[in-house]
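Visitor: Dropping in structure-v6.csv, which is CSV, C-alpha atoms and all ligand atoms:
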chain,number,residue,atom,x,y,z
A,1163,MET,CA,155.7,76.8,241.9
A,1164,THR,CA,154.0,73.4,241.8
A,1165,ASN,CA,155.4,70.3,240.1
A,1166,THR,CA,152.8,69.8,237.4
A,1167,GLN,CA,152.1,66.2,236.6
A,1168,VAL,CA,150.8,65.2,233.2
A,1169,PHE,CA,148.6,62.1,232.7
A,1170,HIS,CA,148.0,60.9,229.2
A,1171,VAL,CA,144.7,59.1,228.6
A,1172,ASP,CA,142.8,57.8,225.7
A,1173,PRO,CA,140.1,60.4,224.9
A,1174,HIS,CA,137.4,57.8,224.3
A,1175,HIS,CA,138.4,55.1,226.8
A,1176,PRO,CA,140.4,56.7,229.6
A,1177,ASP,CA,142.2,54.3,231.9
A,1178,PRO,CA,140.1,53.9,235.0
A,1179,ALA,CA,143.2,53.7,237.3
A,1180,ALA,CA,144.5,57.0,236.0
A,1181,ILE,CA,141.0,58.6,236.4
A,1182,ALA,CA,140.7,57.2,240.0
A,1183,THR,CA,144.1,58.8,240.9
A,1184,VAL,CA,143.1,62.1,239.4
A,1185,ALA,CA,139.7,62.0,241.1
A,1186,GLN,CA,141.4,61.5,244.5
A,1187,ALA,CA,143.5,64.6,243.8
A,1188,LEU,CA,140.4,66.6,243.1
A,1189,ALA,CA,138.8,65.4,246.3
A,1190,ALA,CA,141.9,66.4,248.2
A,1191,GLY,CA,141.6,70.0,247.0
A,1192,ARG,CA,144.1,69.9,244.1
A,1193,LEU,CA,143.8,71.7,240.8
A,1194,VAL,CA,143.3,69.5,237.8
A,1195,ALA,CA,143.1,70.6,234.1
A,1196,PHE,CA,141.0,68.2,232.0
A,1197,PRO,CA,139.6,68.1,228.5
A,1198,THR,CA,135.9,68.8,227.9
A,1199,GLU,CA,134.3,68.8,224.4
A,1200,THR,CA,134.4,72.7,224.5
A,1201,VAL,CA,137.9,73.6,225.8
A,1202,TYR,CA,140.2,72.4,228.6
A,1203,GLY,CA,138.8,73.2,232.1
A,1204,LEU,CA,140.8,74.0,235.2
A,1205,GLY,CA,138.9,72.0,237.9
A,1206,ALA,CA,138.7,72.1,241.6
A,1207,ASN,CA,136.1,70.7,244.1
A,1208,ALA,CA,133.3,73.3,243.9
A,1209,LEU,CA,132.3,72.6,247.5
A,1210,ASP,CA,135.8,73.5,248.8
A,1211,ALA,CA,136.2,77.3,249.0
A,1212,THR,CA,140.0,77.1,249.4
A,1213,ALA,CA,140.4,74.9,246.3
A,1214,VAL,CA,138.1,77.2,244.4
A,1215,ALA,CA,140.2,80.2,245.4
A,1216,ARG,CA,143.3,78.4,244.0
A,1217,ILE,CA,141.7,78.4,240.6
A,1218,PHE,CA,141.4,82.2,240.6
A,1219,ALA,CA,145.0,82.5,241.7
A,1220,ALA,CA,146.4,80.0,239.2
A,1221,LYS,CA,144.6,81.7,236.3
A,1222,GLN,CA,145.1,85.3,237.6
A,1223,ARG,CA,141.4,85.6,237.0
A,1224,PRO,CA,139.6,88.5,238.5
A,1225,THR,CA,137.5,87.3,241.5
A,1226,THR,CA,134.5,89.1,240.0
A,1227,ASP,CA,134.3,86.5,237.2
A,1228,PRO,CA,132.2,83.5,238.3
A,1229,LEU,CA,133.0,79.9,237.4
A,1230,ILE,CA,131.0,77.2,235.8
A,1231,VAL,CA,130.2,74.1,237.9
A,1232,HIS,CA,130.4,70.7,236.1
A,1233,LEU,CA,128.3,67.7,237.0
A,1234,ALA,CA,128.4,64.1,235.9
A,1235,ASP,CA,124.7,64.2,235.0
A,1236,ALA,CA,121.5,66.2,235.3
A,1237,THR,CA,120.2,64.3,238.3
A,1238,GLN,CA,122.9,66.1,240.4
A,1239,LEU,CA,121.4,69.6,239.7
A,1240,ALA,CA,119.8,69.8,243.1
A,1241,ARG,CA,123.2,69.3,244.7
A,1242,VAL,CA,124.3,72.8,243.6
A,1243,ALA,CA,121.1,74.7,242.8
A,1244,PHE,CA,117.6,75.2,244.1
A,1245,ASP,CA,114.3,76.7,242.9
A,1246,ILE,CA,115.1,75.1,239.6
A,1247,PRO,CA,112.5,76.1,236.9
A,1248,PRO,CA,110.7,73.3,235.0
A,1249,VAL,CA,112.4,74.3,231.7
A,1250,ALA,CA,115.8,73.4,233.2
A,1251,PRO,CA,115.2,69.6,233.1
A,1252,ARG,CA,113.8,70.0,229.6
A,1253,LEU,CA,116.9,71.8,228.4
A,1254,ALA,CA,119.0,69.2,230.1
A,1255,ASP,CA,117.1,66.4,228.3
A,1256,ARG,CA,117.7,68.0,225.0
A,1257,PHE,CA,121.3,69.4,225.3
A,1258,TRP,CA,123.1,67.5,228.1
A,1259,PRO,CA,125.6,66.2,228.1
A,1260,GLY,CA,126.8,69.0,225.9
A,1261,PRO,CA,128.0,72.6,225.5
A,1262,LEU,CA,125.1,74.4,227.3
A,1263,THR,CA,125.5,76.2,230.7
A,1264,LEU,CA,122.5,77.1,232.8
A,1265,VAL,CA,122.6,79.9,235.3
A,1266,LEU,CA,120.3,78.9,238.3
A,1267,ARG,CA,119.9,79.9,242.0
A,1268,ARG,CA,122.9,78.9,244.0
A,1269,ALA,CA,122.4,76.3,246.8
A,1270,PRO,CA,123.5,77.9,250.1
A,1271,HIS,CA,126.2,75.2,250.8
A,1272,VAL,CA,128.0,76.1,247.5
A,1273,PRO,CA,130.8,78.5,248.5
A,1274,PRO,CA,130.1,82.1,247.2
A,1275,ASN,CA,133.5,82.4,245.6
A,1276,VAL,CA,132.5,79.9,243.0
A,1277,SER,CA,130.0,82.5,241.7
A,1278,ALA,CA,132.0,85.6,242.5
A,1279,GLY,CA,129.6,86.4,245.3
A,1280,ARG,CA,126.4,86.1,243.3
A,1281,ASP,CA,123.4,84.2,244.5
A,1282,THR,CA,123.3,82.3,241.2
A,1283,VAL,CA,125.4,79.4,240.0
A,1284,ALA,CA,126.3,78.3,236.4
A,1285,VAL,CA,126.0,74.6,235.8
A,1286,ARG,CA,126.9,72.3,232.9
A,1287,VAL,CA,127.1,68.5,232.2
A,1288,PRO,CA,130.0,68.0,229.8
A,1289,ALA,CA,129.9,65.3,227.1
A,1290,HIS,CA,133.6,64.5,226.8
A,1291,PRO,CA,134.3,60.9,227.9
A,1292,VAL,CA,137.3,62.0,230.0
A,1293,ALA,CA,135.4,64.7,231.8
A,1294,HIS,CA,132.5,62.4,232.4
A,1295,ALA,CA,134.7,59.6,233.8
A,1296,LEU,CA,136.4,62.1,236.1
A,1297,LEU,CA,133.2,63.7,237.4
A,1298,SER,CA,131.6,60.2,237.9
A,1299,ALA,CA,134.7,58.9,239.7
A,1300,CYS,CA,135.1,61.8,242.2
A,1301,ASP,CA,131.3,62.2,242.6
A,1302,LEU,CA,131.7,65.9,243.3
A,1303,PRO,CA,130.6,69.1,241.6
A,1304,ILE,CA,133.7,70.5,239.9
A,1305,ALA,CA,134.1,74.2,239.3
A,1306,ALA,CA,136.1,74.6,236.1
A,1307,PRO,CA,136.7,77.8,234.1
A,1308,SER,CA,138.8,77.5,230.9
A,1309,ALA,CA,142.4,76.3,231.8
A,1310,ASN,CA,144.2,79.4,230.4
A,1311,LEU,CA,145.8,82.5,232.0
A,1312,PHE,CA,143.2,85.2,232.2
A,1313,SER,CA,142.6,87.0,228.9
A,1314,ARG,CA,144.7,84.5,226.8
A,1315,PRO,CA,143.0,82.4,224.1
A,1316,SER,CA,141.2,79.4,225.6
A,1317,PRO,CA,143.2,76.1,225.6
A,1318,THR,CA,142.1,73.3,223.2
A,1319,THR,CA,145.1,71.0,223.8
A,1320,ALA,CA,147.0,69.9,226.9
A,1321,GLN,CA,150.0,71.8,225.5
A,1322,HIS,CA,148.1,75.1,225.5
A,1323,VAL,CA,147.3,74.4,229.2
A,1324,LEU,CA,151.0,73.8,230.0
A,1325,ASP,CA,152.1,76.8,228.0
A,1326,ASP,CA,150.0,79.0,230.3
A,1327,LEU,CA,149.8,77.1,233.6
A,1328,ALA,CA,152.8,74.7,234.0
A,1329,GLY,CA,154.0,75.1,237.6
A,1330,ARG,CA,150.7,76.6,238.6
A,1331,VAL,CA,148.4,73.5,238.6
A,1332,ASP,CA,148.8,70.1,240.1
A,1333,ILE,CA,147.7,67.8,237.3
A,1334,VAL,CA,147.0,68.1,233.5
A,1335,LEU,CA,145.0,65.3,232.1
A,1336,ASP,CA,145.9,65.1,228.4
A,1337,GLY,CA,143.0,63.7,226.4
A,1338,GLY,CA,144.0,65.2,223.0
A,1339,THR,CA,142.4,68.1,221.1
A,1340,THR,CA,139.0,69.2,222.2
A,1341,THR,CA,136.2,68.7,219.6
A,1342,ILE,CA,134.1,71.8,219.6
A,1343,GLY,CA,136.9,74.2,220.5
A,1344,LEU,CA,134.6,77.1,221.6
A,1345,GLU,CA,133.2,77.5,225.1
A,1346,SER,CA,129.7,76.6,226.1
A,1347,THR,CA,126.6,78.7,225.4
A,1348,VAL,CA,125.5,80.4,228.7
A,1349,ILE,CA,121.9,81.2,229.4
A,1350,ASP,CA,120.5,82.8,232.5
A,1351,LEU,CA,117.3,81.0,233.7
A,1352,THR,CA,117.0,83.2,236.8
A,1353,GLN,CA,115.8,86.1,234.7
A,1354,THR,CA,112.3,86.3,233.0
A,1355,PRO,CA,112.5,85.9,230.1
A,1356,PRO,CA,115.7,83.8,230.1
A,1357,VAL,CA,118.7,85.7,228.6
A,1358,LEU,CA,121.6,84.5,226.4
A,1359,LEU,CA,124.8,85.6,228.3
A,1360,ARG,CA,127.3,84.1,225.9
A,1361,PRO,CA,127.0,82.5,222.4
A,1362,GLY,CA,128.7,79.1,222.2
A,1363,GLY,CA,128.6,75.5,221.2
A,1364,VAL,CA,124.7,75.4,221.1
A,1365,GLY,CA,123.1,77.7,218.6
A,1366,VAL,CA,120.2,80.0,219.4
A,1367,GLU,CA,117.8,78.5,216.9
A,1368,ALA,CA,118.2,75.1,218.6
A,1369,LEU,CA,117.7,76.6,222.0
A,1370,ARG,CA,114.6,78.4,220.9
A,1371,MET,CA,113.0,75.0,220.1
A,1372,VAL,CA,112.8,74.4,223.8
A,1373,LEU,CA,113.0,78.0,225.1
A,1374,SER,CA,110.9,80.0,222.7
A,1375,ASP,CA,111.1,83.2,224.8
A,1376,LEU,CA,114.9,83.3,225.1
A,1377,ARG,CA,116.1,86.9,224.9
A,1378,VAL,CA,119.2,87.5,222.8
A,1379,PRO,CA,120.7,91.0,223.6
A,1380,ASP,CA,121.8,92.9,220.5
A,1381,ALA,CA,125.1,93.8,221.9
A,1382,PRO,CA,126.2,91.3,224.6
A,1383,LEU,CA,129.6,92.9,224.7
A,1384,VAL,CA,130.4,95.8,227.1
A,1385,THR,CA,133.6,97.8,227.5
A,1386,ASP,CA,133.0,99.4,230.9
A,1387,ALA,CA,134.5,97.6,233.9
A,1388,ALA,CA,131.4,98.2,236.1
A,1389,GLU,CA,129.1,96.9,233.4
A,1390,ALA,CA,131.4,93.9,232.9
A,1391,ALA,CA,131.0,93.0,236.6
A,1392,ALA,CA,127.3,93.1,236.1
A,1393,ALA,CA,127.5,90.8,233.0
A,1394,PRO,CA,130.5,88.5,233.9
A,1395,GLY,CA,132.6,87.2,231.1
A,1396,SER,CA,131.5,90.0,228.7
A,1397,GLN,CA,134.6,92.2,229.0
A,1398,LEU,CA,136.2,92.9,225.7
A,1399,LYS,CA,139.8,92.0,226.5
A,1400,HIS,CA,139.3,88.3,226.4
A,1401,TYR,CA,141.0,85.6,224.3
A,1402,ALA,CA,143.5,88.2,223.3
A,1403,PRO,CA,146.8,87.3,221.7
A,1404,HIS,CA,149.9,89.4,222.6
A,1405,ALA,CA,150.1,91.3,219.3
A,1406,PRO,CA,147.1,93.7,218.6
A,1407,LEU,CA,144.5,91.9,216.5
A,1408,PHE,CA,142.3,93.7,214.0
A,1409,LEU,CA,139.1,92.2,212.6
A,1410,LEU,CA,138.4,93.3,209.0
A,1411,ARG,CA,134.9,94.1,207.6
A,1412,GLY,CA,134.4,93.9,203.9
A,1413,ASP,CA,134.2,91.3,201.1
A,1414,ALA,CA,137.1,89.2,200.0
A,1415,ARG,CA,138.2,91.5,197.2
A,1416,THR,CA,138.4,94.7,199.3
A,1417,ALA,CA,140.1,92.7,202.1
A,1418,VAL,CA,142.9,91.5,199.7
A,1419,GLN,CA,143.7,95.0,198.7
A,1420,PHE,CA,143.6,96.4,202.2
A,1421,ILE,CA,145.7,93.6,203.6
A,1422,HIS,CA,148.4,94.2,201.0
A,1423,THR,CA,148.4,97.9,201.8
A,1424,VAL,CA,148.7,97.2,205.6
A,1425,VAL,CA,151.6,94.8,205.1
A,1426,SER,CA,153.5,97.3,202.9
A,1427,ALA,CA,153.0,100.1,205.5
A,1428,LEU,CA,154.1,98.0,208.4
A,1429,HIS,CA,157.0,96.5,206.4
A,1430,ALA,CA,158.2,100.1,205.8
A,1431,ARG,CA,158.4,100.4,209.6
A,1432,GLY,CA,160.3,97.2,209.9
A,1433,LEU,CA,157.3,95.4,211.4
A,1434,ARG,CA,155.9,92.0,210.7
A,1435,VAL,CA,152.2,91.0,210.2
A,1436,GLY,CA,150.2,87.8,210.8
A,1437,VAL,CA,147.2,87.3,208.6
A,1438,LEU,CA,144.3,84.8,209.4
A,1439,ILE,CA,142.2,84.0,206.4
A,1440,PRO,CA,139.8,81.2,205.3
A,1441,ASP,CA,141.7,78.4,203.5
A,1442,GLU,CA,140.2,79.1,200.1
A,1443,GLU,CA,141.7,82.6,200.0
A,1444,PHE,CA,145.3,81.5,200.1
A,1445,PRO,CA,145.8,81.9,196.3
A,1446,ASP,CA,144.9,85.6,196.7
A,1447,TYR,CA,147.9,86.1,199.0
A,1448,THR,CA,150.8,84.2,197.4
A,1449,ASP,CA,152.9,87.3,197.0
A,1450,LEU,CA,152.2,88.7,200.4
A,1451,ARG,CA,155.2,89.1,202.7
A,1452,ALA,CA,153.3,88.1,205.9
A,1453,GLU,CA,152.8,85.1,208.1
A,1454,LEU,CA,149.6,83.5,206.6
A,1455,VAL,CA,147.6,81.2,208.8
A,1456,GLY,CA,144.4,79.4,207.5
A,1457,LEU,CA,141.3,79.5,209.7
A,1458,GLY,CA,139.8,76.5,207.9
A,1459,PRO,CA,137.3,76.1,205.0
A,1460,ALA,CA,135.0,79.2,205.0
A,1461,HIS,CA,131.9,77.0,204.8
A,1462,ASP,CA,132.9,74.7,207.6
A,1463,LEU,CA,132.2,76.6,210.8
A,1464,ALA,CA,132.6,73.5,213.0
A,1465,MET,CA,136.2,73.2,211.7
A,1466,ILE,CA,136.9,76.9,212.1
A,1467,GLY,CA,135.5,76.8,215.6
A,1468,ARG,CA,137.5,73.7,216.6
A,1469,TYR,CA,140.9,75.3,215.7
A,1470,LEU,CA,140.2,79.0,216.2
A,1471,PHE,CA,142.0,79.4,219.6
A,1472,ALA,CA,144.9,77.2,218.4
A,1473,ARG,CA,145.3,79.4,215.3
A,1474,LEU,CA,145.2,82.6,217.5
A,1475,ARG,CA,148.0,81.1,219.7
A,1476,GLU,CA,149.9,79.9,216.6
A,1477,VAL,CA,149.9,83.3,214.8
A,1478,ASP,CA,150.9,85.0,218.1
A,1479,SER,CA,153.8,82.6,218.6
A,1480,LEU,CA,155.3,83.8,215.3
A,1481,GLY,CA,156.3,87.0,217.0
A,1482,VAL,CA,154.4,89.3,214.7
A,1483,ASN,CA,153.7,93.0,215.5
A,1484,ALA,CA,150.0,93.0,214.3
A,1485,ILE,CA,147.4,90.4,213.4
A,1486,LEU,CA,144.7,90.9,210.7
A,1487,VAL,CA,141.7,88.6,210.6
A,1488,ARG,CA,139.2,88.3,207.7
A,1489,GLY,CA,135.9,88.0,209.6
A,1490,VAL,CA,134.0,84.8,209.2
A,1491,ALA,CA,131.0,85.0,206.9
A,1492,GLU,CA,127.4,84.6,208.0
A,1493,ASP,CA,126.1,81.5,209.8
A,1494,ASN,CA,125.8,78.5,207.6
A,1495,GLY,CA,123.1,77.0,209.8
A,1496,GLY,CA,125.4,75.2,212.2
A,1497,GLY,CA,124.7,77.8,214.8
A,1498,LEU,CA,128.4,78.5,215.5
A,1499,GLY,CA,128.6,81.8,213.6
A,1500,PRO,CA,127.7,84.1,216.5
A,1501,ALA,CA,130.1,82.3,218.9
A,1502,ILE,CA,133.0,82.5,216.4
A,1503,ARG,CA,132.3,86.2,215.7
A,1504,ASP,CA,132.1,86.9,219.4
A,1505,ARG,CA,135.5,85.3,220.1
A,1506,LEU,CA,137.2,87.1,217.2
A,1507,PHE,CA,135.6,90.4,218.2
A,1508,ARG,CA,136.9,90.0,221.8
A,1509,ALA,CA,140.3,88.8,220.6
A,1510,ALA,CA,140.3,92.1,218.6
A,1511,GLU,CA,139.3,94.0,221.8
A,1512,GLY,CA,136.5,95.4,219.6
A,1513,ARG,CA,138.8,96.8,216.9
A,1514,VAL,CA,137.0,96.4,213.6
A,1515,LEU,CA,138.4,98.0,210.4
A,1516,ASP,CA,136.3,98.7,207.4
A,1517,ALA,CA,138.4,97.5,204.4
A,1518,ALA,CA,136.0,99.4,202.1
A,1519,ASP,CA,137.3,102.7,203.6
A,1520,PRO,CA,141.0,101.8,203.4
A,1521,THR,CA,142.3,105.3,204.2
A,1522,THR,CA,140.5,105.7,207.5
A,1523,ALA,CA,141.1,102.0,208.4
A,1524,LEU,CA,144.9,102.3,207.7
A,1525,GLN,CA,145.1,105.4,209.9
A,1526,GLN,CA,143.2,103.7,212.7
A,1527,LEU,CA,145.6,100.7,212.5
A,1528,LEU,CA,148.8,102.8,212.3
A,1529,ARG,CA,147.8,105.0,215.2
A,1530,LEU,CA,147.5,101.9,217.5
A,1531,ILE,CA,150.6,100.2,216.1
A,1532,ASP,CA,152.7,103.3,216.4
A,1533,ALA,CA,151.5,103.8,220.0
A,1534,THR,CA,152.3,100.2,221.0
A,1535,THR,CA,155.6,99.7,219.2
A,1536,LYS,CA,157.3,102.9,220.5
A,1601,LIG,P1,134.9,80.3,231.5
A,1601,LIG,O1,134.6,79.0,232.1
A,1601,LIG,O2,136.3,80.8,231.7
A,1601,LIG,O3,134.5,80.3,230.1
A,1601,LIG,O4,134.0,81.4,232.2
A,1601,LIG,C1,132.8,81.1,232.8
A,1601,LIG,C2,131.8,82.1,232.3
A,1601,LIG,O5,130.5,81.7,232.6
A,1601,LIG,C3,131.9,83.5,232.9
A,1601,LIG,O6,132.8,84.3,232.4
A,1601,LIG,C4,130.5,84.0,232.7
A,1601,LIG,O7,130.3,84.5,231.4
A,1601,LIG,C5,129.6,82.7,232.8
A,1601,LIG,N1,129.1,82.6,234.2
A,1601,LIG,C6,129.5,81.7,235.1
A,1601,LIG,N2,128.8,81.8,236.3
A,1601,LIG,C7,127.9,82.8,236.1
A,1601,LIG,C8,126.8,83.3,236.9
A,1601,LIG,N3,126.6,82.9,238.1
A,1601,LIG,N4,126.1,84.3,236.3
A,1601,LIG,C9,126.3,84.7,235.1
A,1601,LIG,N5,127.3,84.2,234.3
A,1601,LIG,C10,128.1,83.2,234.7
A,1602,MG,MG,137.5,81.5,230.0
Show how you would write the structure in this file as C-alpha cells.

Guide:
Amino acid sequence: MTNTQVFHVDPHHPDPAAIATVAQALAAGRLVAFPTETVYGLGANALDATAVARIFAAKQRPTTDPLIVHLADATQLARVAFDIPPVAPRLADRFWPGPLTLVLRRAPHVPPNVSAGRDTVAVRVPAHPVAHALLSACDLPIAAPSANLFSRPSPTTAQHVLDDLAGRVDIVLDGGTTTIGLESTVIDLTQTPPVLLRPGGVGVEALRMVLSDLRVPDAPLVTDAAEAAAAPGSQLKHYAPHAPLFLLRGDARTAVQFIHTVVSALHARGLRVGVLIPDEEFPDYTDLRAELVGLGPAHDLAMIGRYLFARLREVDSLGVNAILVRGVAEDNGGGLGPAIRDRLFRAAEGRVLDAADPTTALQQLLRLIDATTK
C-alpha cells in the first residue's frame, strides 16, 4: 500500500507550485492521477519502463492493453513517434488540444510496454488546463490510461479515482469534474485507409472533414479474447458496474411497460433494480419501486456524456441486483451519440433486450439474474 497524497488545484488556474511538485514526482517515476477534459488519467513517465509497469499493476490492467501517451503540444510528436504521415499535423491543427488520439509508429526509445509490445504508439494532447500545466512543467511524455481499476467505469472526479485506487497511486491531483466525461476518439493512422478504433469526444463527421477516407468499422466491438488483443480496448467487459446491466431497445412507451414488468418480477424474488432513464421520462415512472437515476436531458448528449460514468457508479453504489438502461436516442449532431452508445453497450457487456418482445426479453434477463444471484 502507498500513502496516496491528494492535491487540490483550481481547474482553470492551477497553482504553479503544486504543479511543480507533482511534475517532479512524475520525473522521479511516481504514479500521478490528473484530470483531463475526457476522464482522469493515471500518469507515469512514458520513457521509464518501470514507472509504466506500475500503471498496469495499480490498475490491474492486462499488459496486452496499450496506453495513450500525453504530450504538452503537437511539436513534441517526434519525441515519441516517427514516420509521421502528413495528415497527422493537419489533424493536430484542427483537434489538438482535445479529445483525439492518433496511433502512429512508435519511436524506438519509447519502452515497448507503453504500447503492450506493439510497434505503434497512441498519442494525444489534452486540453485541460491542469493536464497542460503538468505536461509543460515536467517536459516529459506521460503515459496515462484512465485512472480506474480495470473494467470499472472510467473516473470523472478525483473521488472516483480514490474509490478505485487509494493506496495504489502516489498522488491524485484534484481539479474537479472533467468536462467531456467520455474518453478520446482513437484513430489508427498506421493503416491505409486510417481506421476508427474507438468512438469518443470527437465525432466522425468532424474527423472526416480532415480525413475523408476514415474507415469506420460496422462492429468495432469483439467478444473473443484473441480478437480483443488484436484490437486493444475493444473487449466487451469494460466500464462495467458490479450489478449486471441491461440495455433496452424500443421506444419510450414499450420501455415503460417492460421496466414495470421486470421490477415486479425481481421484487417477487426479493431483488432490487436500478433504472437509468432520460430526465424527461421521470413522470412515467413515479409509481415504480426501483432506484431511478436520471441520465440527463435526452436532447443534450454533451450533458449525458459528461455524467454517464458518474451515473453508472452512482446506481451501482445503491446495492441493486440489476440495472436497466433506456438506450440513448440517435445522435443530435453533436457527434457524441456513438461514443455514448459504445460505453453503454460495453457496460452491458453486450446484453441488449428488446422491450418490444417482452416475453423473450424477460426470460433472457431472469436467466442471467437467477444464475448470478444463486
Ligand atoms: P484508456 O486510456 O484506458 O482509455 O485506454 C487506452 C486505449 O487506447 C486502449 O484501450 C486502446 O483502445 C487505445 N490504444 C492505445 N494505444 C494503442 C495502440 N498502440 N494501438 C491501438 N490502440 C491503442
Ligand atoms: Mg480505460

Visitor: Using all atoms listed in the file, what are the residues with an atom within 7 Å of ligand LIG 1601 (chain A), set out as a ChimeraX atom specification?

Guide: /A:1227-1230,1265,1277,1280,1282-1284,1306-1308,1345,1348,1350,1359-1360,1393-1396

Visitor: Which of these, A:Leu1233, A:Leu1311, A:Ala1182, A:Ala1250, has the shortest distance to ligand MG 1602 (chain A) once you count only C-alpha atoms and all ligand atoms?

Guide: A:Leu1311

Visitor: From the list A:Ala1309, A:Gly1329, A:Leu1239, A:Phe1244, which residue is nearest Val1287 of chain A when using all atoms listed in the file?

Guide: A:Leu1239

Visitor: Please return, as a list in words, all polymer residues that have at least one atom within 12 Å of the point (144.5, 59.8, 241.7); use all atoms listed in the file and the file's own coordinate frame.

Guide: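 The residues near that point, listed by chain and number, are Gln1167, Val1168, Phe1169, Asp1177, Pro1178, Ala1179, Ala1180, Ile1181, Ala1182, Thr1183, Val1184, Ala1185, Gln1186, Ala1187, Leu1188, Ala1189, Ala1190, Gly1191, Arg1192, Leu1193, Val1194, Leu1296, Ala1299, Cys1300, Asp1332, Ile1333, Val1334 and Leu1335 of chain A.
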
Visitor: If you measure from atom CA of Arg1503 of chain A to atom CA of Thr1521 of chain A, what distance in Å do you get, rounded to one decimal?

Guide: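 Interatomic distance, atom CA of Arg1503 of chain A to atom CA of Thr1521 of chain A: 24.4 Å.
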
Visitor: Tell me which protein, DNA and RNA residues are within 10 Å of Val1372 of chain A, counting only C-alpha atoms, leaving out same-chain ones fewer than 2 positions away, and put them as a PyMOL selection string.

Guide: chain A and resi 1249-1250+1252-1253+1256-1257+1367-1370+1374-1376
